[in-house]
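What follows is input22.cif (mmCIF, C-alpha atoms).
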```cif
data_coords
loop_
_atom_site.label_atom_id
_atom_site.label_comp_id
_atom_site.auth_asym_id
_atom_site.auth_seq_id
_atom_site.Cartn_x
_atom_site.Cartn_y
_atom_site.Cartn_z
CA LEU A 1 -7.20 -30.17 14.09
CA LYS A 2 -8.83 -32.92 16.13
CA LEU A 3 -12.02 -32.75 14.04
CA GLY A 4 -10.07 -32.77 10.79
CA ASN A 5 -8.18 -35.85 11.93
CA SER A 6 -11.45 -37.72 12.50
CA ARG A 7 -13.37 -36.77 9.33
CA LEU A 8 -13.42 -34.47 6.32
CA ILE A 9 -14.09 -30.86 7.24
CA ASP A 10 -17.10 -29.14 5.62
CA LEU A 11 -17.58 -25.45 5.05
CA SER A 12 -20.07 -25.41 7.93
CA ASP A 13 -17.27 -26.50 10.28
CA VAL A 14 -15.21 -23.40 9.51
CA PRO A 15 -16.10 -20.53 11.87
CA GLY A 16 -17.34 -17.35 10.27
CA ILE A 17 -15.45 -14.07 10.40
CA PRO A 18 -16.72 -11.04 12.35
CA PRO A 19 -19.11 -8.72 10.48
CA ASN A 20 -16.56 -5.88 10.44
CA ASP A 21 -14.17 -8.06 8.45
CA HIS A 22 -16.61 -8.84 5.66
CA ALA A 23 -15.68 -7.35 2.29
CA ALA A 24 -19.21 -5.95 1.79
CA LYS A 25 -19.00 -4.01 5.05
CA ASN A 26 -15.61 -2.50 4.19
CA VAL A 27 -16.67 -1.56 0.67
CA GLU A 28 -19.78 0.16 2.01
CA MET A 29 -17.67 2.19 4.45
CA PHE A 30 -15.24 3.20 1.72
CA PHE A 31 -18.01 4.24 -0.71
CA ARG A 32 -19.64 6.34 1.99
CA ALA A 33 -16.37 8.16 2.77
CA TRP A 34 -15.58 8.61 -0.93
CA GLU A 35 -19.02 10.05 -1.74
CA ASN A 36 -18.75 12.48 1.17
CA GLN A 37 -15.45 13.72 -0.25
CA ARG A 38 -16.93 14.08 -3.74
CA LYS A 39 -19.83 16.12 -2.39
CA SER A 40 -17.52 18.41 -0.41
CA SER A 41 -15.17 18.83 -3.39
CA SER A 42 -18.06 19.75 -5.71
CA SER A 43 -19.05 22.53 -3.32
CA SER A 44 -15.46 23.78 -3.00
CA SER A 45 -13.25 25.09 -5.81
CA SER A 46 -9.98 24.40 -3.96
CA SER A 47 -7.79 21.71 -5.52
CA SER A 48 -6.77 20.52 -2.04
CA ARG A 49 -10.34 19.36 -1.45
CA ARG A 50 -10.31 16.92 -4.35
CA PRO A 51 -11.32 13.37 -3.37
CA SER A 52 -8.44 11.29 -2.09
CA VAL A 53 -8.26 7.54 -1.57
CA ALA A 54 -5.82 8.08 1.31
CA ARG A 55 -8.23 10.40 3.17
CA ALA A 56 -11.14 8.04 2.54
CA LEU A 57 -9.20 5.09 3.96
CA TRP A 58 -8.14 7.17 6.97
CA HIS A 59 -11.75 8.16 7.59
CA CYS A 60 -12.77 4.47 7.51
CA TYR A 61 -9.95 2.91 9.50
CA TRP A 62 -8.45 5.54 11.81
CA PRO A 63 -9.50 3.63 14.99
CA ASP A 64 -7.66 0.52 13.77
CA ILE A 65 -4.62 2.57 12.76
CA LEU A 66 -4.45 4.28 16.16
CA TRP A 67 -4.90 0.97 18.02
CA THR A 68 -2.12 -0.77 16.11
CA GLY A 69 -0.02 2.38 16.58
CA ALA A 70 -0.44 2.14 20.35
CA LEU A 71 0.66 -1.51 20.24
CA ALA A 72 3.65 -0.55 18.10
CA PHE A 73 4.57 2.13 20.64
CA LEU A 74 4.50 -0.42 23.48
CA LYS A 75 6.69 -2.74 21.46
CA ALA A 76 9.18 0.02 20.64
CA THR A 77 9.27 1.16 24.27
CA GLY A 78 9.99 -2.38 25.44
CA THR A 79 12.77 -2.68 22.88
CA VAL A 80 14.64 0.47 23.94
CA ALA A 81 14.17 -0.45 27.60
CA GLY A 82 16.36 -3.55 27.16
CA PRO A 83 19.76 -1.74 27.26
CA ILE A 84 18.64 0.20 30.34
CA PHE A 85 18.07 -3.08 32.19
CA LEU A 86 21.40 -4.33 30.83
CA TYR A 87 23.14 -1.25 32.25
CA TYR A 88 21.76 -1.87 35.73
CA PHE A 89 22.34 -5.64 35.51
CA VAL A 90 26.05 -5.17 34.68
CA SER A 91 26.37 -2.53 37.41
CA TYR A 92 24.70 -4.89 39.89
CA ALA A 93 27.00 -7.76 38.86
CA SER A 94 29.99 -5.45 39.37
CA GLY A 95 28.94 -4.82 42.97
CA ASP A 96 27.25 -1.45 42.46
CA VAL A 97 23.90 -1.88 44.25
CA THR A 98 21.94 1.31 43.52
CA PHE A 99 18.82 0.46 45.56
CA PRO A 100 17.69 -2.28 47.99
CA HIS A 101 16.70 -5.66 46.52
CA ALA A 102 17.98 -4.49 43.13
CA GLY A 103 18.48 -7.99 41.73
CA PRO A 104 14.96 -9.45 42.18
CA ILE A 105 13.33 -6.15 41.21
CA LEU A 106 15.36 -5.95 37.98
CA VAL A 107 14.55 -9.56 37.07
CA VAL A 108 10.80 -9.15 37.64
CA SER A 109 10.73 -5.78 35.84
CA LEU A 110 12.61 -7.16 32.83
CA PHE A 111 10.21 -10.13 32.68
CA LEU A 112 7.13 -7.88 32.72
CA VAL A 113 8.54 -5.45 30.15
CA LYS A 114 9.50 -8.25 27.75
CA MET A 115 6.12 -9.95 28.14
CA ILE A 116 4.34 -6.67 27.29
CA GLU A 117 6.71 -6.14 24.37
CA ASN A 118 6.10 -9.62 22.93
CA PHE A 119 2.32 -9.53 23.31
CA SER A 120 2.21 -6.01 21.79
CA GLN A 121 4.32 -7.12 18.85
CA ARG A 122 2.13 -10.18 18.13
CA HIS A 123 -1.11 -8.17 18.25
CA TRP A 124 0.45 -5.32 16.27
CA TYR A 125 1.53 -7.66 13.47
CA PHE A 126 -1.84 -9.44 13.44
CA GLY A 127 -3.74 -6.13 13.52
CA VAL A 128 -1.91 -4.55 10.58
CA ARG A 129 -2.23 -7.72 8.46
CA ARG A 130 -5.94 -7.83 9.18
CA LEU A 131 -6.31 -4.12 8.43
CA GLY A 132 -4.30 -4.53 5.22
CA LEU A 133 -6.77 -7.16 3.97
CA LYS A 134 -9.67 -4.80 4.74
CA VAL A 135 -8.03 -1.99 2.77
CA GLN A 136 -7.20 -4.30 -0.13
CA SER A 137 -10.74 -5.68 -0.39
CA ALA A 138 -12.31 -2.20 -0.20
CA VAL A 139 -10.04 -0.76 -2.92
CA MET A 140 -10.46 -3.78 -5.21
CA ALA A 141 -14.26 -3.57 -5.02
CA ALA A 142 -14.20 0.22 -5.53
CA VAL A 143 -12.13 -0.15 -8.71
CA TYR A 144 -14.38 -2.94 -10.01
CA HIS A 145 -17.52 -0.90 -9.29
CA LYS A 146 -16.02 2.15 -11.00
CA GLU A 147 -15.15 0.10 -14.10
CA LEU A 148 -18.79 -1.01 -14.44
CA CYS A 149 -20.06 2.58 -14.63
CA LEU A 150 -17.09 4.17 -16.44
CA SER A 151 -17.94 6.46 -19.34
CA GLY A 152 -16.68 5.96 -22.88
CA ALA A 153 -14.04 8.67 -22.45
CA GLY A 154 -12.85 7.06 -19.24
CA LYS A 155 -12.54 3.67 -20.91
CA ALA A 156 -10.46 5.24 -23.65
CA ARG A 157 -8.00 6.56 -21.03
CA HIS A 158 -7.89 3.34 -18.97
CA ALA A 159 -7.51 0.07 -20.86
CA THR A 160 -8.60 -3.26 -19.43
CA GLY A 161 -5.01 -4.21 -18.61
CA GLU A 162 -4.52 -1.04 -16.59
CA ILE A 163 -7.70 -1.64 -14.62
CA VAL A 164 -6.58 -5.18 -13.84
CA ASN A 165 -3.30 -3.62 -12.69
CA TYR A 166 -5.18 -1.32 -10.30
CA ILE A 167 -6.91 -4.33 -8.75
CA SER A 168 -4.03 -6.81 -8.62
CA VAL A 169 -1.01 -4.52 -8.03
CA ASP A 170 -2.05 -1.15 -6.60
CA ALA A 171 -4.55 -2.56 -4.10
CA TYR A 172 -1.93 -5.05 -2.91
CA ARG A 173 0.63 -2.28 -2.46
CA LEU A 174 -1.77 -0.36 -0.26
CA SER A 175 -2.18 -3.44 1.92
CA GLU A 176 1.62 -3.65 2.16
CA LEU A 177 1.73 0.03 3.13
CA ILE A 178 -0.41 -0.80 6.17
CA TRP A 179 2.21 -3.37 7.22
CA TRP A 180 5.05 -0.80 7.06
CA LEU A 181 3.02 2.25 8.11
CA HIS A 182 4.03 2.43 11.78
CA TRP A 183 7.69 1.75 10.98
CA THR A 184 7.81 5.27 9.53
CA TRP A 185 7.75 6.74 13.04
CA ILE A 186 9.07 3.77 15.07
CA VAL A 187 12.47 4.01 13.34
CA PRO A 188 13.14 7.69 14.27
CA PHE A 189 11.58 7.13 17.72
CA GLU A 190 13.93 4.27 18.56
CA ILE A 191 16.93 6.11 17.10
CA PHE A 192 16.37 9.33 19.07
CA VAL A 193 15.52 7.53 22.33
CA SER A 194 18.60 5.35 21.95
CA LEU A 195 20.78 8.38 21.27
CA GLY A 196 19.31 10.09 24.34
CA ILE A 197 20.19 7.10 26.52
CA LEU A 198 23.66 6.99 24.96
CA PHE A 199 24.15 10.66 25.79
CA MET A 200 23.34 9.87 29.43
CA VAL A 201 25.92 7.05 29.39
CA VAL A 202 28.86 8.45 27.35
CA GLY A 203 28.02 12.16 27.21
CA LEU A 204 29.68 14.21 24.45
CA ALA A 205 30.99 11.09 22.70
CA THR A 206 27.47 10.69 21.25
CA ILE A 207 27.77 13.88 19.17
CA PRO A 208 30.03 12.42 16.39
CA GLY A 209 27.62 9.53 15.99
CA LEU A 210 24.70 11.95 15.69
CA VAL A 211 26.61 13.98 13.08
CA LEU A 212 27.27 10.80 11.08
CA ILE A 213 23.57 9.89 11.15
CA ILE A 214 22.62 13.38 9.89
CA LEU A 215 25.20 13.18 7.09
CA PHE A 216 23.93 9.77 6.15
CA ILE A 217 20.35 11.06 5.91
CA MET A 218 21.55 13.94 3.70
CA LEU A 219 23.35 11.47 1.41
CA ILE A 220 20.43 9.06 1.15
CA THR A 221 17.74 11.67 0.33
CA PRO A 222 18.67 12.13 -3.39
CA LEU A 223 18.82 8.36 -3.76
CA ILE A 224 15.31 8.01 -2.36
CA MET A 225 13.97 10.72 -4.70
CA SER A 226 15.55 8.90 -7.63
CA MET A 227 13.90 5.64 -6.47
CA GLN A 228 10.52 7.35 -6.43
CA ARG A 229 11.05 8.70 -9.96
CA CYS A 230 12.08 5.26 -11.28
CA GLN A 231 9.09 3.63 -9.60
CA GLY A 232 6.69 6.04 -11.28
CA LYS A 233 8.29 5.46 -14.69
CA PHE A 234 8.15 1.70 -14.13
CA MET A 235 4.42 1.77 -13.37
CA ASP A 236 3.75 3.92 -16.47
CA ALA A 237 5.76 1.50 -18.65
CA GLN A 238 3.92 -1.46 -17.12
CA ASP A 239 0.56 0.13 -17.93
CA GLU A 240 1.64 0.75 -21.52
CA ARG A 241 2.75 -2.86 -21.93
CA LEU A 242 -0.49 -4.20 -20.44
CA ARG A 243 -2.53 -1.92 -22.69
CA ALA A 244 -0.64 -3.14 -25.78
CA THR A 245 -0.87 -6.77 -24.70
CA SER A 246 -4.63 -6.48 -24.19
CA GLU A 247 -5.08 -4.93 -27.64
CA VAL A 248 -2.92 -7.62 -29.26
CA LEU A 249 -4.90 -10.40 -27.60
CA SER A 250 -8.21 -8.86 -28.64
CA GLY A 251 -7.01 -8.71 -32.26
CA MET A 252 -5.31 -12.09 -32.29
CA LYS A 253 -7.50 -13.44 -35.07
CA VAL A 254 -6.39 -10.73 -37.50
CA ILE A 255 -2.77 -11.08 -36.40
CA LYS A 256 -2.78 -14.82 -37.08
CA LEU A 257 -4.49 -14.43 -40.46
CA GLN A 258 -1.92 -11.85 -41.55
CA ALA A 259 1.07 -13.77 -40.06
CA TRP A 260 2.08 -10.76 -37.95
CA GLU A 261 2.99 -12.79 -34.84
CA GLU A 262 6.72 -12.05 -34.88
CA LYS A 263 6.20 -8.33 -35.49
CA PHE A 264 3.85 -7.93 -32.56
CA LYS A 265 5.96 -10.20 -30.39
CA ALA A 266 8.98 -7.95 -31.03
CA PHE A 267 6.81 -4.90 -30.29
CA ILE A 268 5.73 -6.29 -26.91
CA GLU A 269 9.32 -7.30 -26.09
CA ARG A 270 10.56 -3.76 -26.79
CA MET A 271 7.97 -2.40 -24.38
CA ARG A 272 9.04 -5.03 -21.85
CA GLU A 273 12.66 -3.88 -22.21
CA VAL A 274 11.64 -0.32 -21.31
CA GLU A 275 9.72 -1.62 -18.31
CA PHE A 276 12.70 -3.77 -17.26
CA LYS A 277 15.05 -0.78 -17.50
CA TRP A 278 13.06 1.20 -14.94
CA LEU A 279 12.52 -1.88 -12.75
CA SER A 280 16.25 -2.64 -12.67
CA GLY A 281 17.00 1.01 -11.92
CA THR A 282 14.66 0.93 -8.93
CA GLN A 283 16.17 -2.30 -7.58
CA GLN A 284 19.76 -1.09 -8.05
CA LYS A 285 19.07 2.10 -6.08
CA ARG A 286 17.33 0.03 -3.42
CA ASN A 287 20.44 -2.16 -3.15
CA TYR A 288 22.66 0.92 -2.73
CA ALA A 289 20.38 2.17 0.05
CA THR A 290 20.43 -1.25 1.74
CA VAL A 291 24.26 -1.37 1.75
CA LEU A 292 24.43 2.12 3.27
CA TYR A 293 21.88 1.27 5.96
CA TRP A 294 23.70 -1.92 6.93
CA LEU A 295 27.06 -0.14 7.18
CA MET A 296 25.85 2.85 9.21
CA PRO A 297 25.33 1.21 12.66
CA THR A 298 28.78 -0.42 12.59
CA VAL A 299 30.50 2.80 11.54
CA VAL A 300 28.62 4.92 14.09
CA THR A 301 29.39 2.46 16.92
CA SER A 302 33.09 2.50 16.05
CA VAL A 303 33.17 6.30 15.90
CA VAL A 304 31.45 6.64 19.30
CA LEU A 305 33.87 4.19 21.00
CA ILE A 306 36.90 5.87 19.35
CA THR A 307 35.61 9.25 20.58
CA CYS A 308 35.36 7.82 24.12
CA ILE A 309 39.03 6.77 23.89
CA ILE A 310 40.08 10.19 22.53
CA LEU A 311 38.22 11.93 25.35
CA GLN A 312 40.02 9.57 27.79
CA MET A 313 36.80 8.19 29.20
CA THR A 314 36.98 5.07 31.33
CA LEU A 315 35.40 2.32 29.27
CA THR A 316 33.95 0.04 31.89
CA ALA A 317 32.04 -3.14 31.08
CA THR A 318 28.81 -1.32 31.89
CA ILE A 319 29.47 1.43 29.32
CA VAL A 320 30.75 -0.90 26.57
CA PHE A 321 27.88 -3.38 26.86
CA THR A 322 25.30 -0.58 26.97
CA VAL A 323 26.76 1.15 23.90
CA LEU A 324 26.87 -2.11 21.93
CA ALA A 325 23.33 -3.00 22.98
CA MET A 326 22.04 0.44 22.01
CA PHE A 327 23.50 0.30 18.54
CA ARG A 328 22.27 -3.27 18.20
CA ILE A 329 18.77 -1.91 18.80
CA ILE A 330 19.31 0.92 16.31
CA GLN A 331 20.60 -1.54 13.72
CA ASP A 332 17.36 -3.51 13.37
CA PRO A 333 14.99 -0.60 12.62
CA ILE A 334 17.57 1.03 10.35
CA ARG A 335 17.76 -2.15 8.26
CA THR A 336 14.03 -1.90 7.63
CA VAL A 337 14.33 1.65 6.26
CA PRO A 338 14.85 0.58 2.59
CA ASP A 339 11.73 -1.60 2.75
CA VAL A 340 9.75 1.17 4.45
CA LEU A 341 10.83 3.76 1.87
CA SER A 342 10.10 1.36 -0.99
CA ALA A 343 6.60 0.69 0.39
CA LEU A 344 5.94 4.43 0.81
CA ILE A 345 7.11 5.20 -2.73
CA GLN A 346 5.02 2.41 -4.25
CA ALA A 347 1.97 3.41 -2.21
CA HIS A 348 2.40 7.06 -3.24
CA VAL A 349 2.35 6.06 -6.91
CA ALA A 350 -0.62 3.73 -6.29
CA PHE A 351 -2.60 6.49 -4.54
CA LYS A 352 -2.04 8.88 -7.46
CA ARG A 353 -3.16 6.29 -10.00
CA LEU A 354 -6.24 5.25 -8.00
CA ASP A 355 -7.22 8.89 -7.36
CA ALA A 356 -7.08 9.61 -11.09
CA PHE A 357 -9.09 6.49 -11.97
CA LEU A 358 -11.82 6.87 -9.34
CA GLN A 359 -12.36 10.51 -10.38
CA GLU A 360 -13.02 9.63 -14.03
CA ASP A 361 -16.35 10.48 -15.64
CA GLU A 362 -19.17 8.04 -15.05
CA LEU A 363 -22.23 7.20 -17.05
CA PRO A 364 -25.26 9.08 -15.68
CA ALA A 365 -27.22 6.74 -13.45
CA ASN A 366 -30.46 8.77 -13.44
CA VAL A 367 -31.29 8.12 -17.12
CA VAL A 368 -31.92 4.42 -16.57
CA GLU A 369 -34.84 2.90 -14.70
CA ARG A 370 -34.51 -0.69 -13.56
CA ASP A 371 -37.83 -2.43 -12.89
CA SER A 372 -38.42 -5.93 -11.68
CA TYR A 373 -38.45 -8.35 -14.58
CA ARG A 374 -41.81 -9.79 -13.58
CA MET A 375 -43.48 -6.41 -13.12
CA SER A 376 -42.79 -5.04 -16.60
CA GLU A 377 -43.89 -6.22 -20.02
CA TYR A 378 -40.64 -4.88 -21.50
CA ALA A 379 -37.24 -6.50 -21.39
CA ILE A 380 -35.67 -3.31 -22.84
CA ARG A 381 -37.21 0.03 -23.65
CA VAL A 382 -35.29 3.03 -24.98
CA ASP A 383 -37.08 6.37 -25.47
CA GLY A 384 -35.42 9.25 -27.34
CA ALA A 385 -31.86 8.33 -26.40
CA THR A 386 -28.88 10.37 -27.57
CA LEU A 387 -25.62 8.44 -27.23
CA SER A 388 -22.00 9.52 -27.55
CA TRP A 389 -18.63 7.99 -26.78
CA ASN A 390 -17.14 11.43 -26.13
CA PRO A 391 -19.39 13.82 -24.16
CA ASN A 392 -17.41 16.83 -25.46
CA ASP A 393 -18.02 15.91 -29.10
CA PRO A 394 -20.66 18.29 -30.55
CA LYS A 395 -21.90 15.55 -32.89
CA PRO A 396 -23.29 12.56 -30.94
CA THR A 397 -22.79 9.02 -32.20
CA LEU A 398 -26.50 8.14 -32.17
CA ARG A 399 -29.50 10.48 -31.92
CA ASP A 400 -33.17 9.96 -31.05
CA ILE A 401 -33.01 6.20 -30.56
CA ASN A 402 -36.31 4.50 -29.79
CA LEU A 403 -36.31 0.77 -29.14
CA VAL A 404 -38.79 -1.61 -27.56
CA VAL A 405 -37.99 -5.25 -26.81
CA ARG A 406 -40.78 -7.18 -25.17
CA ARG A 407 -40.25 -10.22 -23.05
CA GLY A 408 -39.53 -13.32 -25.09
CA GLU A 409 -38.83 -11.45 -28.35
CA LYS A 410 -35.71 -12.12 -30.43
CA ILE A 411 -34.28 -9.00 -32.08
CA ALA A 412 -31.58 -8.72 -34.76
CA ILE A 413 -29.77 -5.39 -35.25
CA CYS A 414 -28.51 -4.97 -38.83
CA GLY A 415 -26.59 -2.17 -40.49
CA ALA A 416 -23.47 -1.14 -42.32
CA ILE A 417 -20.05 -0.98 -40.70
CA GLY A 418 -19.79 2.13 -38.55
CA SER A 419 -23.53 2.73 -38.38
CA GLY A 420 -23.58 2.34 -34.57
CA LYS A 421 -24.62 -1.26 -33.89
CA SER A 422 -21.91 -1.81 -31.25
CA THR A 423 -22.59 1.59 -29.73
CA LEU A 424 -26.27 0.71 -29.32
CA LEU A 425 -25.52 -2.66 -27.78
CA ASN A 426 -22.92 -1.20 -25.42
CA SER A 427 -25.36 1.47 -24.30
CA ILE A 428 -27.96 -1.20 -23.53
CA LEU A 429 -25.41 -3.14 -21.51
#
```

structure tokens encoding of this file:
Amino acid sequence: LKLGNSRLIDLSDVPGIPPNDHAAKNVEMFFRAWENQRKSSSSSSSSSRRPSVARALWHCYWPDILWTGALAFLKATGTVAGPIFLYYFVSYASGDVTFPHAGPILVVSLFLVKMIENFSQRHWYFGVRRLGLKVQSAVMAAVYHKELCLSGAGKARHATGEIVNYISVDAYRLSELIWWLHWTWIVPFEIFVSLGILFMVVGLATIPGLVLIILFIMLITPLIMSMQRCQGKFMDAQDERLRATSEVLSGMKVIKLQAWEEKFKAFIERMREVEFKWLSGTQQKRNYATVLYWLMPTVVTSVVLITCIILQMTLTATIVFTVLAMFRIIQDPIRTVPDVLSALIQAHVAFKRLDAFLQEDELPANVVERDSYRMSEYAIRVDGATLSWNPNDPKPTLRDINLVVRRGEKIAICGAIGSGKSTLLNSIL
């Protein structure tokens, strides 16, 4: 900041990032893990051994995931420890001194626990954001590399718009999954630890609250399954719209000459309506889940306190404050559950789509030799090539192609429509 206030900052003034954060390093790690999976799957006939993007990412980044998980555990432990300190603080203020020098010891202990909790939370958040960028860059480069060597049959199944979707949408959703990943176990951890502490404080009055939580989970499960189904349909509809839009844009000249703009505009809008239907369905179900999650802590707290009154328990200030603090802790992670479930559902769909794309057929790499431009007299040389858009087609598109283009030559390829000019040029590319 001081340097920027004195003069314009150059690129050389910006410090470089560590080598492990470079995109090239992360892509290399991912390719290595992916190729190892492909080799093991080719030697095994089991469908469970098929290459998986999720397993490849775990193989690359499991140390980072475990480290951020340990920080998340420290943060969660510090959070649930707060009501315990509150219990002893209120007891101490009421004159119940449980051990010598209780006041100073509680103050110092609370300070240390909260400092550890805050530092753990900061490093946890920074670590998962950093890891999410690594995952996103690795997946984006893997998709781009796959598109460059995709076979003709693979290109027919994955349009340009879909591939752009894999890079811009699916890779981003995997980075968001990293952000929410540890919440999947922090939420149940904090809930069960809080219920255990509540059981020590109010005893059997905790049981109705636990029953309500179980009923709530049973009610929310079908809603979550419906969200997942709508999300999958939405992504399929989005791919179809992007495919159609890409084809319309590529044929825009013909569309304008024939004055078909309104027809194709209406066609794209109908596809957009289908996409919007599934998107709105997903968001509506997410809203229902959010309302339920926000209501649950208040209802459970009320039921537990009413049960204490029915059981004729003495509700001291210590018990009331501890119960309220416990459910206040439960309330925050529970409110994140809709976002966590949404991220898991979107990532599940993204993993399936990326797995299918990265396992598509590739052009054989061993049929092409790439020499240094200065070392060869040829710019292009093709010897006895047989070319086909569909490898399963018994009749190839072009057979026995021989072509020599020397350096500096200008070549024109002429022929009737459908004779294979574009096929030849695409094969050269």

Task: Atom-to-atom span, atom CA of A:Glu162 and atom CA of A:Lys352, Å - done: 13.7 Å

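Every protein or nucleic acid residue with an atom no more than 12 Å from A:Ala385, counting all atoms listed in the file and leaving out same-chain residues fewer than 2 positions away, appears here: Val367, Val368, Arg381, Val382, Asp383, Leu387, Ser388, Pro396, Thr397, Leu398, Arg399, Asp400, Ile401, Asn402, Leu403, Thr423, Leu424, Ser427 and Ile428 of chain A.
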
- [ ] Please evaluate the PyMOL selection byres ((chain A and resi 164) around 12) against the displayed coordinates and give the resulting residues as an MDAnalysis selection string.
- [x] chainID A and resid 140:141 143:144 147 158:163 165:172 238:239 242:243 246 354

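Counting only C-alpha atoms, the residue from A:Asn5, A:Asn20, A:Asn392, A:Thr79 that sits nearest to A:Phe327 is A:Thr79.
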
Open item on the list: Would you compute the distance between atom CA of A:Leu110 and atom CA of A:Thr301? Give it in Å to one decimal.
Closed with: 25.0 Å

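Here atom CA of A:Ser175 stands at a distance of 16.1 Å from atom CA of A:His59.
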